[in-house]
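Undergrad: Sharing entry_6.cif, mmCIF, C-alpha atoms and all ligand atoms:
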```cif
data_input
loop_
_atom_site.label_atom_id
_atom_site.label_comp_id
_atom_site.auth_asym_id
_atom_site.auth_seq_id
_atom_site.Cartn_x
_atom_site.Cartn_y
_atom_site.Cartn_z
CA MET A 1343 99.33 -54.05 74.28
CA GLN A 1344 101.28 -50.96 73.34
CA ALA A 1345 99.61 -47.61 73.98
CA ILE A 1346 99.65 -45.29 70.97
CA ASP A 1347 97.93 -42.10 69.85
CA THR A 1348 95.96 -43.22 66.80
CA LEU A 1349 95.11 -46.34 64.83
CA LEU A 1350 93.67 -45.91 61.33
CA HIS A 1351 91.95 -48.98 59.89
CA SER A 1352 90.99 -49.04 56.26
CA ARG A 1353 89.75 -51.35 53.53
CA TRP A 1354 92.86 -50.39 51.58
CA VAL A 1355 96.14 -48.76 52.49
CA ILE A 1356 98.08 -47.44 49.51
CA PRO A 1357 101.62 -46.70 50.66
CA VAL A 1358 102.80 -45.43 47.19
CA GLU A 1359 106.17 -47.03 47.87
CA PRO A 1360 106.30 -49.76 46.58
CA GLU A 1361 104.43 -48.41 43.56
CA GLY A 1362 101.08 -49.89 42.56
CA VAL A 1363 100.41 -51.70 45.86
CA ALA A 1364 97.04 -51.57 47.67
CA LEU A 1365 97.14 -53.47 50.97
CA GLU A 1366 93.71 -54.86 51.87
CA ASP A 1367 92.28 -54.64 55.41
CA TYR A 1368 95.29 -52.84 56.76
CA ALA A 1369 95.96 -50.30 59.47
CA VAL A 1370 98.36 -47.43 60.04
CA ALA A 1371 99.60 -47.02 63.61
CA VAL A 1372 100.43 -43.41 64.47
CA HIS A 1373 102.28 -42.12 67.52
CA GLN A 1374 103.61 -38.65 68.32
CA GLY A 1375 102.84 -37.45 64.80
CA ARG A 1376 104.71 -40.23 63.05
CA ILE A 1377 103.84 -43.50 61.37
CA LEU A 1378 104.88 -46.30 63.67
CA GLU A 1379 103.85 -49.26 61.57
CA VAL A 1380 101.70 -50.29 58.57
CA LEU A 1381 100.25 -53.73 59.32
CA PRO A 1382 97.16 -55.93 58.86
CA SER A 1383 94.17 -54.61 60.83
CA ARG A 1384 93.79 -57.82 62.84
CA ALA A 1385 97.42 -57.76 63.95
CA ALA A 1386 97.11 -54.05 64.77
CA ASN A 1387 94.17 -54.70 67.09
CA GLU A 1388 96.16 -57.34 68.96
CA LYS A 1389 99.27 -55.20 69.26
CA TYR A 1390 98.09 -51.64 69.88
CA GLN A 1391 95.78 -49.85 72.30
CA ALA A 1392 94.99 -46.55 70.61
CA HIS A 1393 93.75 -43.34 72.22
CA ALA A 1394 91.83 -42.47 69.01
CA SER A 1395 90.84 -44.52 66.02
CA PHE A 1396 89.38 -44.31 62.52
CA THR A 1397 87.71 -47.08 60.57
CA GLY A 1398 87.13 -46.71 56.85
CA LYS A 1399 85.07 -49.67 55.68
CA ASN A 1400 85.22 -48.62 52.03
CA HIS A 1401 88.08 -46.17 52.30
CA ALA A 1402 91.55 -46.04 50.87
CA LEU A 1403 94.27 -44.35 52.93
CA ILE A 1404 96.82 -42.56 50.81
CA PRO A 1405 99.75 -40.29 51.66
CA GLY A 1406 98.53 -36.68 51.85
CA LEU A 1407 98.78 -35.12 48.39
CA ILE A 1408 101.58 -32.64 47.77
CA ASN A 1409 100.69 -29.64 45.64
CA THR A 1410 104.13 -28.76 44.31
CA HIS A 1411 103.28 -25.39 42.74
CA THR A 1412 100.88 -22.83 44.20
CA HIS A 1413 100.35 -19.13 44.71
CA ALA A 1414 97.98 -19.69 47.62
CA ALA A 1415 96.86 -16.11 48.20
CA MET A 1416 95.77 -15.82 44.55
CA SER A 1417 92.69 -17.82 45.55
CA LEU A 1418 91.18 -14.39 46.25
CA LEU A 1419 91.67 -13.62 42.51
CA ARG A 1420 89.95 -16.82 41.38
CA GLY A 1421 88.03 -16.03 38.19
CA ILE A 1422 89.09 -12.37 38.00
CA ALA A 1423 90.32 -12.74 34.40
CA ASP A 1424 89.86 -15.86 32.28
CA ASP A 1425 90.30 -16.99 28.70
CA LEU A 1426 93.45 -14.98 27.95
CA PRO A 1427 97.03 -15.90 26.91
CA LEU A 1428 99.70 -15.82 29.65
CA MET A 1429 101.46 -12.52 28.88
CA ASP A 1430 98.20 -10.61 28.32
CA TRP A 1431 96.68 -12.19 31.45
CA LEU A 1432 99.74 -11.28 33.56
CA ALA A 1433 100.53 -7.82 32.21
CA HIS A 1434 97.00 -6.42 31.91
CA HIS A 1435 95.10 -8.18 34.69
CA ILE A 1436 97.09 -10.05 37.34
CA TRP A 1437 100.07 -7.73 37.86
CA PRO A 1438 97.92 -4.57 38.09
CA ALA A 1439 95.57 -6.29 40.57
CA GLU A 1440 98.55 -7.47 42.61
CA GLN A 1441 100.13 -4.00 42.64
CA ARG A 1442 96.92 -2.56 43.96
CA TRP A 1443 95.58 -5.17 46.37
CA VAL A 1444 98.27 -7.51 47.63
CA SER A 1445 99.21 -6.87 51.27
CA GLY A 1446 100.12 -8.97 54.27
CA ASP A 1447 96.44 -9.10 55.32
CA MET A 1448 95.30 -10.11 51.85
CA VAL A 1449 97.92 -12.88 51.76
CA GLN A 1450 96.82 -14.24 55.14
CA ASP A 1451 93.14 -14.29 54.15
CA GLY A 1452 93.92 -15.77 50.73
CA THR A 1453 96.14 -18.43 52.26
CA ARG A 1454 93.38 -19.48 54.69
CA LEU A 1455 90.94 -19.85 51.79
CA ALA A 1456 93.49 -21.84 49.78
CA VAL A 1457 94.51 -24.10 52.65
CA ALA A 1458 90.85 -24.80 53.51
CA GLU A 1459 90.26 -25.85 49.90
CA MET A 1460 93.43 -27.93 49.76
CA ILE A 1461 92.77 -29.84 53.00
CA ARG A 1462 89.20 -30.61 51.90
CA GLY A 1463 90.74 -32.10 48.76
CA GLY A 1464 93.28 -34.33 50.53
CA THR A 1465 96.30 -32.06 50.11
CA THR A 1466 98.58 -31.90 53.15
CA CYS A 1467 101.54 -29.91 51.81
CA PHE A 1468 101.99 -27.10 49.30
CA ASN A 1469 104.96 -25.43 47.68
CA ASP A 1470 104.19 -21.73 47.43
CA MET A 1471 105.51 -18.69 45.62
CA TYR A 1472 104.12 -15.26 46.46
CA PHE A 1473 104.68 -11.85 48.02
CA TYR A 1474 104.54 -11.67 51.86
CA ALA A 1475 105.69 -15.26 52.34
CA ALA A 1476 105.92 -14.61 56.10
CA ASP A 1477 102.14 -14.14 56.14
CA THR A 1478 101.60 -17.32 54.10
CA ALA A 1479 103.81 -19.18 56.57
CA ARG A 1480 102.02 -17.72 59.59
CA ALA A 1481 98.52 -18.53 58.27
CA ALA A 1482 99.43 -22.06 57.16
CA ALA A 1483 101.25 -22.91 60.40
CA ALA A 1484 98.30 -21.73 62.51
CA ILE A 1485 96.03 -24.15 60.61
CA GLY A 1486 98.52 -27.01 61.01
CA MET A 1487 99.23 -27.18 57.28
CA ARG A 1488 102.63 -28.19 55.95
CA CYS A 1489 104.30 -26.03 53.31
CA ARG A 1490 107.50 -24.80 51.75
CA VAL A 1491 107.10 -21.06 51.28
CA GLY A 1492 108.97 -19.40 48.44
CA LEU A 1493 111.28 -16.49 49.18
CA ILE A 1494 110.18 -14.52 46.15
CA VAL A 1495 112.59 -12.49 44.02
CA VAL A 1496 111.63 -10.28 41.06
CA ASP A 1497 113.29 -7.24 39.50
CA PHE A 1498 110.26 -4.97 39.70
CA PRO A 1499 109.23 -3.04 42.82
CA HIS A 1500 106.13 -3.84 44.87
CA ALA A 1501 104.89 -2.46 48.17
CA PHE A 1502 106.49 -5.62 49.59
CA ALA A 1503 110.04 -4.72 48.42
CA ARG A 1504 111.80 -2.03 46.35
CA ASP A 1505 114.31 -4.15 44.43
CA ALA A 1506 115.88 -7.59 44.19
CA ASP A 1507 118.19 -6.92 47.14
CA GLU A 1508 115.29 -6.09 49.41
CA TYR A 1509 113.35 -9.17 48.29
CA LEU A 1510 116.44 -11.27 49.11
CA ALA A 1511 116.99 -9.59 52.48
CA LYS A 1512 113.36 -10.21 53.48
CA GLY A 1513 113.65 -13.80 52.31
CA LEU A 1514 116.77 -14.42 54.36
CA ALA A 1515 115.15 -12.98 57.49
CA LEU A 1516 112.17 -15.30 57.04
CA HIS A 1517 114.40 -18.31 56.43
CA ASP A 1518 116.14 -17.53 59.72
CA GLU A 1519 112.85 -17.19 61.57
CA LEU A 1520 111.56 -20.55 60.29
CA ARG A 1521 114.80 -22.49 60.61
CA HIS A 1522 113.50 -24.98 63.18
CA HIS A 1523 109.78 -24.93 62.33
CA PRO A 1524 108.26 -28.44 62.27
CA LEU A 1525 105.81 -27.78 59.40
CA VAL A 1526 107.07 -24.81 57.40
CA ARG A 1527 110.28 -24.68 55.38
CA THR A 1528 111.58 -22.28 52.75
CA ALA A 1529 112.85 -22.30 49.17
CA PHE A 1530 114.14 -19.49 47.01
CA ALA A 1531 111.52 -18.46 44.49
CA PRO A 1532 112.92 -16.30 41.71
CA HIS A 1533 109.69 -15.84 39.74
CA ALA A 1534 110.85 -16.63 36.17
CA PRO A 1535 113.78 -16.07 33.79
CA TYR A 1536 111.95 -13.08 32.25
CA THR A 1537 111.35 -11.29 35.57
CA VAL A 1538 114.75 -11.77 37.29
CA SER A 1539 118.09 -10.53 35.89
CA ASP A 1540 121.48 -12.26 36.09
CA GLY A 1541 122.81 -10.51 39.22
CA PRO A 1542 120.00 -11.56 41.59
CA LEU A 1543 119.93 -15.06 40.06
CA GLU A 1544 123.64 -15.51 40.84
CA LYS A 1545 122.98 -14.43 44.44
CA VAL A 1546 120.10 -16.91 44.66
CA ARG A 1547 122.36 -19.72 43.47
CA THR A 1548 125.04 -18.94 46.05
CA LEU A 1549 122.59 -18.50 48.93
CA ALA A 1550 120.60 -21.64 48.05
CA GLU A 1551 123.82 -23.66 48.24
CA GLU A 1552 124.82 -22.01 51.51
CA LEU A 1553 121.43 -22.59 53.16
CA ASP A 1554 120.87 -25.92 51.41
CA ILE A 1555 117.34 -25.14 50.18
CA PRO A 1556 115.60 -25.62 46.80
CA ILE A 1557 115.03 -23.06 44.02
CA HIS A 1558 111.40 -22.86 42.90
CA MET A 1559 110.97 -21.13 39.52
CA HIS A 1560 108.67 -20.95 36.49
CA VAL A 1561 110.80 -22.15 33.54
CA HIS A 1562 109.83 -22.39 29.86
CA GLU A 1563 106.13 -21.92 30.51
CA THR A 1564 105.39 -20.73 26.96
CA ALA A 1565 107.03 -20.53 23.52
CA GLU A 1566 106.74 -16.75 23.79
CA GLU A 1567 108.91 -16.78 26.93
CA VAL A 1568 111.61 -18.71 25.06
CA ARG A 1569 111.38 -16.35 22.07
CA GLN A 1570 111.69 -13.26 24.27
CA GLY A 1571 114.60 -14.85 26.16
CA LEU A 1572 116.46 -15.46 22.90
CA GLU A 1573 115.82 -11.88 21.80
CA ARG A 1574 116.95 -10.31 25.09
CA TYR A 1575 119.81 -12.57 26.16
CA GLY A 1576 120.78 -14.39 22.93
CA GLU A 1577 120.10 -17.74 24.55
CA ARG A 1578 117.15 -19.86 25.61
CA PRO A 1579 116.11 -19.28 29.26
CA LEU A 1580 117.11 -22.76 30.46
CA GLN A 1581 120.53 -22.36 28.81
CA ARG A 1582 120.92 -19.04 30.59
CA LEU A 1583 119.98 -20.58 33.95
CA HIS A 1584 122.52 -23.32 33.25
CA ARG A 1585 125.24 -20.72 32.53
CA LEU A 1586 124.37 -19.04 35.84
CA GLY A 1587 124.67 -22.35 37.70
CA LEU A 1588 121.00 -22.74 38.64
CA VAL A 1589 120.30 -26.00 36.85
CA SER A 1590 121.00 -28.56 39.57
CA LEU A 1591 119.28 -30.98 41.92
CA ARG A 1592 117.98 -27.91 43.79
CA LEU A 1593 115.95 -26.67 40.82
CA GLN A 1594 112.17 -27.13 40.68
CA ALA A 1595 111.47 -26.15 37.08
CA VAL A 1596 107.75 -25.38 36.95
CA HIS A 1597 105.83 -25.95 33.67
CA ALA A 1598 108.68 -26.89 31.26
CA THR A 1599 106.39 -27.04 28.24
CA GLN A 1600 109.14 -26.11 25.77
CA LEU A 1601 112.05 -28.55 25.89
CA THR A 1602 114.53 -29.56 23.21
CA ASP A 1603 116.16 -33.00 23.50
CA THR A 1604 119.35 -31.33 24.75
CA GLU A 1605 117.39 -29.49 27.46
CA LEU A 1606 115.59 -32.65 28.47
CA HIS A 1607 118.92 -34.40 28.95
CA LEU A 1608 120.33 -31.41 30.80
CA LEU A 1609 117.47 -31.68 33.30
CA ALA A 1610 118.07 -35.42 33.67
CA GLN A 1611 121.86 -35.17 34.06
CA SER A 1612 121.60 -32.35 36.60
CA ALA A 1613 118.92 -34.26 38.59
CA SER A 1614 116.64 -31.19 38.37
CA HIS A 1615 112.97 -31.62 39.16
CA VAL A 1616 110.09 -30.67 36.86
CA VAL A 1617 106.75 -29.54 38.28
CA HIS A 1618 103.93 -30.29 35.88
CA CYS A 1619 100.80 -28.09 36.07
CA PRO A 1620 98.61 -29.51 33.30
CA GLU A 1621 95.39 -27.57 33.93
CA SER A 1622 97.08 -24.18 34.15
CA ASN A 1623 99.02 -24.99 30.95
CA LEU A 1624 95.80 -26.01 29.20
CA LYS A 1625 93.85 -22.97 30.36
CA LEU A 1626 96.55 -20.49 29.31
CA ALA A 1627 97.27 -22.51 26.14
CA ALA A 1628 100.90 -22.48 27.30
CA GLY A 1629 101.95 -25.74 25.67
CA PHE A 1630 102.40 -29.36 26.68
CA CYS A 1631 104.95 -30.66 29.15
CA PRO A 1632 106.50 -33.87 27.67
CA VAL A 1633 105.85 -35.88 30.85
CA HIS A 1634 106.36 -39.31 29.29
CA ARG A 1635 109.68 -38.28 27.70
CA LEU A 1636 110.84 -36.74 30.99
CA PHE A 1637 109.99 -39.94 32.89
CA THR A 1638 111.77 -42.04 30.29
CA ALA A 1639 114.85 -39.82 30.60
CA GLY A 1640 114.78 -40.33 34.39
CA VAL A 1641 113.66 -36.84 35.43
CA ASN A 1642 111.65 -36.57 38.67
CA VAL A 1643 108.30 -35.03 37.70
CA ALA A 1644 105.98 -33.70 40.43
CA LEU A 1645 102.47 -32.24 40.15
CA GLY A 1646 100.98 -28.85 40.97
CA THR A 1647 97.81 -26.88 40.39
CA ASP A 1648 99.39 -23.41 40.03
CA GLY A 1649 97.39 -20.54 41.55
CA ALA A 1650 93.59 -20.46 41.54
CA ALA A 1651 93.67 -17.47 39.15
CA SER A 1652 94.90 -19.72 36.33
CA ASN A 1653 93.27 -23.11 37.03
CA ASN A 1654 90.74 -22.18 38.72
CA ASP A 1655 90.92 -24.64 41.59
CA LEU A 1656 93.49 -26.29 43.87
CA ASP A 1657 92.16 -29.77 43.20
CA MET A 1658 94.92 -32.39 43.08
CA PHE A 1659 92.44 -35.14 42.19
CA GLY A 1660 91.41 -33.21 39.08
CA GLU A 1661 95.06 -32.49 38.38
CA MET A 1662 95.99 -36.19 38.61
CA ARG A 1663 93.31 -37.18 36.15
CA THR A 1664 94.16 -34.38 33.73
CA ALA A 1665 97.87 -35.26 33.96
CA ALA A 1666 97.19 -38.92 33.20
CA LEU A 1667 94.89 -38.19 30.26
CA LEU A 1668 97.06 -35.43 28.80
CA ALA A 1669 100.27 -37.47 29.02
CA LYS A 1670 98.65 -40.21 26.95
CA ALA A 1671 97.45 -37.75 24.31
CA VAL A 1672 100.82 -35.94 24.11
CA ALA A 1673 102.77 -39.22 23.88
CA ALA A 1674 100.14 -40.80 21.58
CA ASP A 1675 100.47 -43.80 23.87
CA ALA A 1676 97.65 -45.05 26.14
CA SER A 1677 100.20 -46.75 28.41
CA ALA A 1678 101.96 -43.45 29.19
CA LEU A 1679 101.65 -42.27 32.81
CA PRO A 1680 99.55 -45.07 34.36
CA ALA A 1681 97.43 -44.44 37.46
CA ALA A 1682 100.05 -45.60 39.99
CA ALA A 1683 102.69 -43.36 38.42
CA VAL A 1684 100.42 -40.32 38.55
CA LEU A 1685 99.56 -40.97 42.22
CA ARG A 1686 103.30 -41.13 42.87
CA MET A 1687 103.74 -37.80 41.06
CA ALA A 1688 101.18 -36.25 43.41
CA THR A 1689 102.88 -37.63 46.53
CA LEU A 1690 106.42 -39.04 46.64
CA ASN A 1691 107.74 -37.21 43.56
CA GLY A 1692 106.49 -33.96 45.10
CA ALA A 1693 108.26 -34.81 48.35
CA ARG A 1694 111.50 -35.44 46.42
CA ALA A 1695 111.19 -32.16 44.52
CA LEU A 1696 110.75 -30.41 47.88
CA ALA A 1697 113.75 -32.28 49.35
CA TRP A 1698 111.35 -33.50 52.04
CA ASP A 1699 111.06 -37.19 51.11
CA ASP A 1700 112.70 -38.25 54.36
CA GLU A 1701 109.51 -37.04 56.11
CA ILE A 1702 106.58 -37.18 53.67
CA GLY A 1703 105.33 -38.60 50.36
CA SER A 1704 104.65 -42.23 51.29
CA LEU A 1705 103.17 -44.25 54.15
CA ALA A 1706 106.23 -45.74 55.78
CA PRO A 1707 107.37 -46.23 59.39
CA GLY A 1708 109.25 -43.19 60.66
CA LYS A 1709 107.62 -40.75 58.24
CA SER A 1710 105.25 -38.02 59.36
CA ALA A 1711 101.60 -39.12 59.57
CA ASP A 1712 100.35 -36.97 56.65
CA ILE A 1713 97.42 -39.07 55.44
CA ALA A 1714 94.16 -38.67 53.49
CA ALA A 1715 91.19 -41.06 53.68
CA VAL A 1716 89.24 -41.43 50.42
CA ASP A 1717 85.76 -43.00 50.49
CA LEU A 1718 85.35 -45.34 47.51
CA GLY A 1719 82.05 -46.76 48.77
CA GLU A 1720 79.61 -44.46 46.98
CA ILE A 1721 77.82 -44.71 43.64
CA GLU A 1722 80.46 -42.82 41.66
CA THR A 1723 83.31 -45.11 42.64
CA GLN A 1724 81.70 -48.56 42.73
CA PRO A 1725 82.54 -51.31 42.08
CA VAL A 1726 86.24 -51.29 42.90
CA TYR A 1727 88.59 -53.57 40.98
CA HIS A 1728 91.73 -51.46 41.34
CA PRO A 1729 91.64 -48.84 44.13
CA ILE A 1730 94.51 -46.77 42.66
CA SER A 1731 92.81 -46.61 39.27
CA GLN A 1732 89.59 -45.60 41.04
CA ILE A 1733 91.32 -42.76 42.86
CA VAL A 1734 92.89 -41.34 39.69
CA TYR A 1735 90.15 -41.95 37.11
CA ALA A 1736 86.83 -42.02 39.01
CA ALA A 1737 87.06 -40.35 42.44
CA GLY A 1738 86.81 -36.59 42.95
CA ARG A 1739 88.21 -34.57 45.84
CA ASP A 1740 84.75 -34.61 47.45
CA LYS A 1741 85.42 -38.27 48.32
CA VAL A 1742 88.10 -37.20 50.81
CA THR A 1743 86.51 -37.49 54.26
CA ASP A 1744 89.37 -37.28 56.77
CA VAL A 1745 92.86 -35.81 56.71
CA TRP A 1746 95.78 -35.89 59.15
CA ILE A 1747 98.92 -33.75 59.08
CA ALA A 1748 101.75 -34.83 61.40
CA GLY A 1749 99.16 -36.98 63.16
CA ASN A 1750 96.85 -34.04 63.82
CA GLN A 1751 93.36 -34.54 62.34
CA VAL A 1752 92.63 -31.39 60.31
CA LEU A 1753 89.56 -32.75 58.46
CA LYS A 1754 87.03 -34.92 60.24
CA ASP A 1755 84.09 -36.30 58.30
CA ARG A 1756 84.53 -33.43 55.78
CA LYS A 1757 84.64 -30.72 58.47
CA LEU A 1758 87.74 -28.61 58.97
CA THR A 1759 88.87 -28.85 62.60
CA THR A 1760 91.44 -26.02 62.73
CA LEU A 1761 89.65 -23.36 60.69
CA ASN A 1762 86.31 -21.59 60.99
CA GLU A 1763 84.71 -22.12 57.58
CA ASP A 1764 82.21 -19.26 58.03
CA GLN A 1765 85.03 -16.80 58.74
CA VAL A 1766 87.00 -18.00 55.71
CA LEU A 1767 83.93 -17.50 53.50
CA ALA A 1768 83.12 -14.08 54.95
CA LYS A 1769 86.68 -12.89 54.27
CA ALA A 1770 86.57 -14.24 50.69
CA ARG A 1771 83.33 -12.37 49.98
CA GLY A 1772 84.69 -9.21 51.61
CA TRP A 1773 87.78 -9.21 49.37
CA ARG A 1774 85.67 -9.91 46.31
CA ASP A 1775 83.53 -6.85 47.03
CA ARG A 1776 86.57 -4.62 47.57
CA ILE A 1777 88.45 -5.83 44.49
CA ALA A 1778 85.44 -5.85 42.15
CA GLY A 1779 84.28 -2.45 43.51
CA GLY A 1780 87.77 -1.04 43.00
CA ALA A 1781 87.82 -2.27 39.43
CA HIS A 1782 84.60 -0.34 38.71
CA GLU A 1783 86.08 2.90 40.05
CA ARG A 1784 88.74 2.97 37.34
ZN ZN A 1801 102.75 -20.32 38.81
#
```
The structure in this file should be written as structure tokens.

TA:
Amino acid sequence: MQAIDTLLHSRWVIPVEPEGVALEDYAVAVHQGRILEVLPSRAANEKYQAHASFTGKNHALIPGLINTHTHAAMSLLRGIADDLPLMDWLAHHIWPAEQRWVSGDMVQDGTRLAVAEMIRGGTTCFNDMYFYAADTARAAAAIGMRCRVGLIVVDFPHAFARDADEYLAKGLALHDELRHHPLVRTAFAPHAPYTVSDGPLEKVRTLAEELDIPIHMHVHETAEEVRQGLERYGERPLQRLHRLGLVSLRLQAVHATQLTDTELHLLAQSASHVVHCPESNLKLAAGFCPVHRLFTAGVNVALGTDGAASNNDLDMFGEMRTAALLAKAVAADASALPAAAVLRMATLNGARALAWDDEIGSLAPGKSADIAAVDLGEIETQPVYHPISQIVYAAGRDKVTDVWIAGNQVLKDRKLTTLNEDQVLAKARGWRDRIAGGAHER
């Protein structure tokens, strides 16, 4: 018998790679934070002596979900302004609130609220873009959550930084600080083509190549963005990014609801990644990302929720179902984006977009033990013919019972183990009172 840290037994193990496979009565052997082996439960019991174990009689084990586009701290602005188009929502509600309220403390409290919600919903990694990324990194790391924090760049000043150069300098300092961190990595995060001018974008391109990190950016979110880009620069935003050298395998193009055939092929040829955020796009009436056409062209498409101010939750189960349903409607093809493909979007495709697929995104020996256990034994998800279909079309995030990140159990029987839920709630209410009270003063 080989002594190991943890043995997870489950009715089904869904490794994601190979796609569409659900292994029945299997186990995942975990040691020193990594997956040692995925093997039949009976063989696992004969081979391994585990220090801790989990048995999910009606559970499916899946790779932890990867939320590939968030603004975690915006969870404190959840529901502050709804039912508005993007530019109105941003210019008259979100940006003024951010100018007034966003600080390092606010970002830490907002990140804790967001991470608590994400872990309870089976998410084990998020790709963030916000001010005070050092505070996001600090809060997430203390909880044991994995993330890639965005080194934000915008032209306009904020208490966080005066101009693009200061945003970049702060970003570089944070990248340096996190260089060897086991759970937290960085990406450049120039906000969008309409908020960052050519000079800073060229610097981002050069630095991203030098440091070998991704570029996380909102691109072609709405038709209005494309129209304004044409008016201001004489070219469509994606064309402009291409001219500046940003369209490459480093690019995570978030939203991409407005794509010509030429642009679609540009994304495919450059091996750029698209991050699809269907619920945010629906809520802001931004447009429809042509997911089926992107897949057919060979583009890697990942999945994100966007911030809680435009969704209004960080629920990757809801996002998977919406993505699957919407892709069929947009393609007028019920076979577009089947369940296994959408689960892959929420896991391995996200890992690829984050350039982290050597560590996460599937259940394979050598990868980090980032795993979620989903209970399919209750009324809402019975009977089970196809576990993957059940996860995408019938289960909700409330069916997630246990979660591990790098082998560390962060959710146990629906209780967070590395966060005090009462404190998280008290902070959320406190910020709500300050922000809502402040709004009345004006
Ligand atoms: Zn966003």

Undergrad: Compute the set of protein, DNA and RNA residues whose minimum atom distance to ligand ZN 1801 (chain A) is at most 9 Å, using all atoms listed in the file, and state it as number ranges by chain.

TA: A: 1411-1413, 1470-1471, 1533, 1559-1560, 1596-1597, 1619, 1622, 1646-1649, 1652

Undergrad: Please produce an output containing C-alpha atoms for each residue in the selection, written as a PDB file, keeping the file's coordinate frame.

TA:
```pdb
ATOM      1  CA  HIS A1411     103.280 -25.390  42.740  1.00  0.00           C
ATOM      2  CA  THR A1412     100.880 -22.830  44.200  1.00  0.00           C
ATOM      3  CA  HIS A1413     100.350 -19.130  44.710  1.00  0.00           C
ATOM      4  CA  ASP A1470     104.190 -21.730  47.430  1.00  0.00           C
ATOM      5  CA  MET A1471     105.510 -18.690  45.620  1.00  0.00           C
ATOM      6  CA  HIS A1533     109.690 -15.840  39.740  1.00  0.00           C
ATOM      7  CA  MET A1559     110.970 -21.130  39.520  1.00  0.00           C
ATOM      8  CA  HIS A1560     108.670 -20.950  36.490  1.00  0.00           C
ATOM      9  CA  VAL A1596     107.750 -25.380  36.950  1.00  0.00           C
ATOM     10  CA  HIS A1597     105.830 -25.950  33.670  1.00  0.00           C
ATOM     11  CA  CYS A1619     100.800 -28.090  36.070  1.00  0.00           C
ATOM     12  CA  SER A1622      97.080 -24.180  34.150  1.00  0.00           C
ATOM     13  CA  GLY A1646     100.980 -28.850  40.970  1.00  0.00           C
ATOM     14  CA  THR A1647      97.810 -26.880  40.390  1.00  0.00           C
ATOM     15  CA  ASP A1648      99.390 -23.410  40.030  1.00  0.00           C
ATOM     16  CA  GLY A1649      97.390 -20.540  41.550  1.00  0.00           C
ATOM     17  CA  SER A1652      94.900 -19.720  36.330  1.00  0.00           C
TER      18      SER A1652
END
```

Undergrad: Find the spatial neighbours of Leu1591 in chain A, counting only C-alpha atoms, within a cut-off of 8 Å - ignore same-chain residues fewer than 5 positions away - and output them as an mmCIF file with C-alpha atoms, keeping the file's coordinate frame.

TA:
```cif
data_model
loop_
_atom_site.group_PDB
_atom_site.id
_atom_site.type_symbol
_atom_site.label_atom_id
_atom_site.label_comp_id
_atom_site.auth_asym_id
_atom_site.auth_seq_id
_atom_site.Cartn_x
_atom_site.Cartn_y
_atom_site.Cartn_z
ATOM 1 C CA SER A 1612 121.600 -32.350 36.600
ATOM 2 C CA ALA A 1613 118.920 -34.260 38.590
ATOM 3 C CA SER A 1614 116.640 -31.190 38.370
ATOM 4 C CA HIS A 1615 112.970 -31.620 39.160
#
```

Undergrad: If we count all atoms listed in the file, what is near range 1416-1425 of chain A at a cut-off of 7 Å, once residues fewer than 3 positions away on the same chain are taken out, given as an mmCIF file with C-alpha atoms, in the coordinates of the input?

TA:
```cif
data_model
loop_
_atom_site.group_PDB
_atom_site.id
_atom_site.type_symbol
_atom_site.label_atom_id
_atom_site.label_comp_id
_atom_site.auth_asym_id
_atom_site.auth_seq_id
_atom_site.Cartn_x
_atom_site.Cartn_y
_atom_site.Cartn_z
ATOM 1 C CA HIS A 1413 100.350 -19.130 44.710
ATOM 2 C CA HIS A 1435 95.100 -8.180 34.690
ATOM 3 C CA GLY A 1452 93.920 -15.770 50.730
ATOM 4 C CA LEU A 1455 90.940 -19.850 51.790
ATOM 5 C CA ALA A 1456 93.490 -21.840 49.780
ATOM 6 C CA GLY A 1649 97.390 -20.540 41.550
ATOM 7 C CA ALA A 1650 93.590 -20.460 41.540
ATOM 8 C CA ALA A 1651 93.670 -17.470 39.150
ATOM 9 C CA ASN A 1654 90.740 -22.180 38.720
ATOM 10 C CA ALA A 1770 86.570 -14.240 50.690
ATOM 11 C CA TRP A 1773 87.780 -9.210 49.370
#
```

Undergrad: List as a PyMOL selection string the protein and nucleic acid residues near His1373 in chain A, meaning an atom at most 12 Å away when all atoms listed in the file are counted, but skip any in the same chain fewer than 5 places from it.

TA: chain A and resi 1344-1350+1378-1379+1390-1395+1707-1711+1748-1750

Undergrad: Work out how far apart CA of Trp1443 in chain A and CA of Ala1534 in chain A are and give it in Å to one decimal.

TA: 21.6 Å

Undergrad: Report, in Å with one decimal, the straight-line distance from CA of Thr1743 in chain A to CA of Ala1481 in chain A.

TA: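 Between CA of Thr1743 in chain A and CA of Ala1481 in chain A the gap works out to 22.8 Å.
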
Undergrad: Which residue, A:Ile1404, A:Val1752, A:Ala1385, A:Ala1565, has the smallest gap to Ala1364 in chain A when you use all atoms listed in the file?

TA: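 Closest candidate: A:Ile1404.
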